[in-house]
Amino acid sequence: MRADRRIRTLLLGWLLVPLALVLVASSVASYTTALRIATEAYDRALLDPALAIAQRLSAADGKIELDIAPAALDALRVDSTDRVYFAVTARGGLVAGQPEVPAPPEEPTEGAPVFYDGTVRGEPVRAAAIAAPFVEGPVLILVAETRLKRERMVRQLLASSALPEFAFFFIALAVVWYGVGRGLAPLEDLRAELAARSPRDLRPVPEANAPVEVRPLVQALNGLLRRLGESIDAQQRFVADAAHQLRTPLAALQAQVDAARRESMPPELAATVDSLRAAARRAAHLAQQLLTLAAVEPAAERPFAPERTDLAAVTQTRVADWLTRADTKAIDLGFELEPAPVAGEPSLLAELAANLVENALNYTPRGGEVTLRTGRRDGRAFLEVEDNGPGIPAEERERVFERFHRVQGTAGEGTGLGLAIVREIAHRHGGAVDVGPPRSGSGTLVVVSLPERAAAA
């Protein structure tokens, strides 16, 4: 049995297949009954002309004769639907009638007619044979007729019994379909409830409305949700505590390195101190990004408190720092800021913009261009950062959102968390992130689209 079959399919199969088999068996039984009824009824009628012919037989001088007028004989053979044939034989010779009437499979005895099937002139017929006793020996009277009336009667009887059976089958089909749907409704309600939950909602599923058979499944699911919540909480606490514990010694290390760099020292030692200062700065940046990621990922306990804000206003809080970094690499950093009202947390949105701009500045080569835009498009607010750097290969555009993933061959000093943080913040605000090539051709274009303020409210 295939594992991917639906419960509804299994139930309908187990209910409807036997019902269909019963319908087929009932139809076969109805056909057999109708055929038997038609055969018995018309066989009795087939005896009447045979008996009438037997009464008109006589023997004279050892010769069997049929004493019946041609008109009376024609009247016996008259039928509005079928063709009737007869034959009278004595001592193997034909006395009267048509010689093509088939002989019976066995000799009839007096008072015991024989009914059998045969063909006359290529047509199937039903025949009756009776024996009339004479001194000269028994005389066989054979009467045969085509099967048109019988077949018509079978069809009528079959239709009269089969049509109600098919009607009852389709009624039963509708009842079974409705009943299975109603029986599976609690499972559908459970699926809908789980599908409507956010990734941060790990509350137990209510058991009161679940059927008795489903409650063990709900209890197991609640146990899984509880263990998952505990695991996520432990992971969150570990990441946050580790990042907090790292910030203080890293800040002290960075201060000591900066103080040492201001002292006079040999060039070889100065290069070592510069490398140490860059490493300390990267470690401090990584700790800060870990704290930010712990605060914005779905399992974070930090409540989401949106307020009225504008993406253009949010980005302007970090412009001075970005310009300073851009000047150190001779990068042309441009701003095309138009109103983009949203409902969100300004601090998180500022962190989103900072990660995008810093990523672009980090990976764009010296003398390149980076442009930050905000505005509204297709009923949504957007923030996009475009650069003319090396770009991201198409096969890597989805993986760059994974934590600590970096595109091979890039010369930047990123931590691999920037775009992961961007996506988490965008999803927290009901938005989406798309990465692709810019309209100008080479480079990277990252677009964040968020619901506008009215829609978000």
# chains A, B, ... in the order shown; residues from 1 in each chain; ligands from 1

$ residues_around --residues "Ala271 in chain A" --least-positions-apart "6" --cutoff "10 Å" --atoms "only C-alpha atoms" --output "JSON list (two decimals) with C-alpha atoms, in the first residue's frame"
[["chain", "number", "residue", "atom", "x", "y", "z"],
["A", 261, "ARG", "CA", 48.19, 51.20, 17.79],
["A", 265, "MET", "CA", 56.30, 50.71, 17.20],
["A", 277, "ARG", "CA", 42.48, 45.20, 15.41]]

$ residues_around --residues "Ser449 in chain A" --least-positions-apart "3" --cutoff "8 Å" --atoms "only C-alpha atoms" --output "number ranges by chain"
A: 380-383, 426, 431-433

$ write_last_selection --atoms "N, CA and C atoms" --output "compact mmCIF listing (two decimals), in the first residue's frame"
# COMPACT_ATOMS: atom_id res chain seq x y z
N ARG A 380 2.94 48.32 -2.26
CA ARG A 380 3.82 47.92 -1.16
C ARG A 380 4.99 48.89 -1.07
N ALA A 381 5.52 49.03 0.14
CA ALA A 381 6.72 49.83 0.34
C ALA A 381 7.93 48.96 0.04
N PHE A 382 8.99 49.58 -0.47
CA PHE A 382 10.18 48.80 -0.79
C PHE A 382 11.43 49.55 -0.36
N LEU A 383 12.47 48.77 -0.09
CA LEU A 383 13.81 49.28 0.16
C LEU A 383 14.74 48.38 -0.65
N ALA A 426 12.53 41.01 7.61
CA ALA A 426 11.47 41.21 6.61
C ALA A 426 10.29 40.30 6.89
N GLY A 431 6.99 40.86 5.21
CA GLY A 431 7.53 41.20 3.89
C GLY A 431 8.30 40.06 3.27
N ALA A 432 9.00 40.38 2.18
CA ALA A 432 9.76 39.38 1.43
C ALA A 432 11.04 40.02 0.91
N VAL A 433 12.04 39.17 0.61
CA VAL A 433 13.33 39.62 0.11
C VAL A 433 13.62 38.90 -1.19

$ closest_residue --among "A:Ile141, A:Leu202, A:Ile421, A:Asp258" --to "Ser275 in chain A" --atoms "only C-alpha atoms"
A:Asp258

$ closest_residue --among "A:Phe401, A:Tyr42, A:Trp322, A:Phe115" --to "Val154 in chain A" --atoms "only C-alpha atoms"
A:Tyr42

$ residues_around --residues "Arg262 in chain A" --least-positions-apart "6" --cutoff "12 Å" --atoms "only C-alpha atoms" --output "ChimeraX atom specification"
/A:255-256,270,273-274,277

$ write_last_selection --atoms "C-alpha atoms" --output "compact mmCIF listing (two decimals), in the first residue's frame"
# COMPACT_ATOMS: atom_id res chain seq x y z
CA ALA A 255 40.14 49.33 23.13
CA GLN A 256 43.51 47.88 24.11
CA ALA A 270 52.32 47.74 13.53
CA VAL A 273 48.51 45.08 15.57
CA ASP A 274 46.48 46.23 12.55
CA ARG A 277 42.48 45.20 15.41

$ residues_around --residues "Leu66 in chain A" --least-positions-apart "4" --cutoff "12 Å" --atoms "only C-alpha atoms" --output "list in words"
Ala52, Ile53, Ala54, Gln55, Arg56, Leu57, Ser58, Ala59, Ala60, Pro70, Ala72, Leu73, Ala87, Val88, Thr89, Ala90, Leu94, Val95, Ala96, Gly97, Val139 and Ile141 of chain A

$ atom_distance --atom1 "CA of Asn388 in chain A" --atom2 "CA of Ala279 in chain A"
26.9 Å

$ closest_residue --among "A:Leu35, A:Leu47, A:Leu224, A:Val175" --to "Arg147 in chain A" --atoms "only C-alpha atoms"
A:Leu35

$ select_by_dssp --residues "range 311-391 of chain A" --states "helix (DSSP H, G or I)" --output "ChimeraX atom specification"
/A:311-328,346-363

$ write_last_selection --atoms "C-alpha atoms" --output "CSV table (one decimal), in the first residue's frame"
chain,number,residue,atom,x,y,z
A,311,LEU,CA,11.7,53.5,5.5
A,312,ALA,CA,13.2,56.7,4.1
A,313,ALA,CA,13.4,58.2,7.5
A,314,VAL,CA,14.8,55.1,9.1
A,315,THR,CA,17.7,54.8,6.6
A,316,GLN,CA,18.8,58.4,7.2
A,317,THR,CA,19.9,57.6,10.8
A,318,ARG,CA,22.9,55.7,9.5
A,319,VAL,CA,23.9,57.8,6.5
A,320,ALA,CA,27.0,59.4,8.1
A,321,ASP,CA,28.5,56.1,9.1
A,322,TRP,CA,27.9,54.6,5.6
A,323,LEU,CA,29.4,57.6,3.8
A,324,THR,CA,32.5,57.4,6.0
A,325,ARG,CA,32.9,53.7,5.1
A,326,ALA,CA,32.3,54.4,1.4
A,327,ASP,CA,34.9,57.1,1.4
A,328,THR,CA,37.6,54.7,2.6
A,346,PRO,CA,12.4,51.4,13.4
A,347,SER,CA,15.3,49.8,15.2
A,348,LEU,CA,14.9,46.5,13.3
A,349,LEU,CA,14.2,48.2,10.0
A,350,ALA,CA,17.4,50.3,10.5
A,351,GLU,CA,19.3,47.1,11.2
A,352,LEU,CA,17.9,45.6,8.0
A,353,ALA,CA,19.0,48.6,5.9
A,354,ALA,CA,22.4,48.7,7.6
A,355,ASN,CA,23.1,45.0,6.8
A,356,LEU,CA,22.2,45.6,3.2
A,357,VAL,CA,24.3,48.7,2.7
A,358,GLU,CA,27.3,47.2,4.7
A,359,ASN,CA,27.1,44.1,2.6
A,360,ALA,CA,27.2,46.1,-0.6
A,361,LEU,CA,30.1,48.3,0.7
A,362,ASN,CA,32.0,45.2,1.8
A,363,TYR,CA,31.8,43.3,-1.5

$ residues_around --residues "Val101 in chain A" --least-positions-apart "3" --cutoff "9 Å" --atoms "only C-alpha atoms" --output "ChimeraX atom specification"
/A:85-87,97-98,118-120,127,142-144

$ write_last_selection --atoms "N, CA and C atoms" --output "JSON list (two decimals), in the first residue's frame"
[["chain", "number", "residue", "atom", "x", "y", "z"],
["A", 85, "TYR", "N", -41.48, -21.15, -36.84],
["A", 85, "TYR", "CA", -41.27, -22.27, -37.75],
["A", 85, "TYR", "C", -41.81, -23.54, -37.06],
["A", 86, "PHE", "N", -42.25, -24.53, -37.88],
["A", 86, "PHE", "CA", -42.69, -25.79, -37.29],
["A", 86, "PHE", "C", -42.31, -26.93, -38.23],
["A", 87, "ALA", "N", -42.30, -28.11, -37.61],
["A", 87, "ALA", "CA", -42.01, -29.32, -38.40],
["A", 87, "ALA", "C", -42.64, -30.50, -37.68],
["A", 97, "GLY", "N", -44.23, -29.01, -42.63],
["A", 97, "GLY", "CA", -43.43, -27.94, -42.06],
["A", 97, "GLY", "C", -42.11, -27.71, -42.77],
["A", 98, "GLN", "N", -41.21, -27.06, -42.06],
["A", 98, "GLN", "CA", -39.92, -26.68, -42.65],
["A", 98, "GLN", "C", -38.85, -27.66, -42.18],
["A", 118, "GLY", "N", -31.37, -23.28, -30.76],
["A", 118, "GLY", "CA", -30.81, -23.68, -32.05],
["A", 118, "GLY", "C", -30.79, -22.50, -33.00],
["A", 119, "THR", "N", -30.56, -22.75, -34.24],
["A", 119, "THR", "CA", -30.56, -21.70, -35.27],
["A", 119, "THR", "C", -31.38, -22.17, -36.46],
["A", 120, "VAL", "N", -32.09, -21.23, -37.07],
["A", 120, "VAL", "CA", -32.84, -21.46, -38.30],
["A", 120, "VAL", "C", -32.49, -20.35, -39.26],
["A", 127, "ALA", "N", -36.74, -23.44, -29.35],
["A", 127, "ALA", "CA", -37.62, -24.46, -29.92],
["A", 127, "ALA", "C", -38.20, -25.33, -28.81],
["A", 142, "LEU", "N", -42.25, -30.17, -33.74],
["A", 142, "LEU", "CA", -41.22, -29.18, -33.41],
["A", 142, "LEU", "C", -41.73, -27.79, -33.77],
["A", 143, "VAL", "N", -41.68, -26.88, -32.83],
["A", 143, "VAL", "CA", -42.05, -25.49, -33.08],
["A", 143, "VAL", "C", -40.89, -24.60, -32.59],
["A", 144, "ALA", "N", -40.43, -23.71, -33.45],
["A", 144, "ALA", "CA", -39.32, -22.81, -33.10],
["A", 144, "ALA", "C", -39.69, -21.38, -33.44]]

$ atom_distance --atom1 "CA of Lys329 in chain A" --atom2 "CA of Arg366 in chain A"
5.0 Å

$ closest_residue --among "A:Ser442, A:Ser161, A:Ser27, A:Thr374" --to "Ala340 in chain A" --atoms "only C-alpha atoms"
A:Thr374
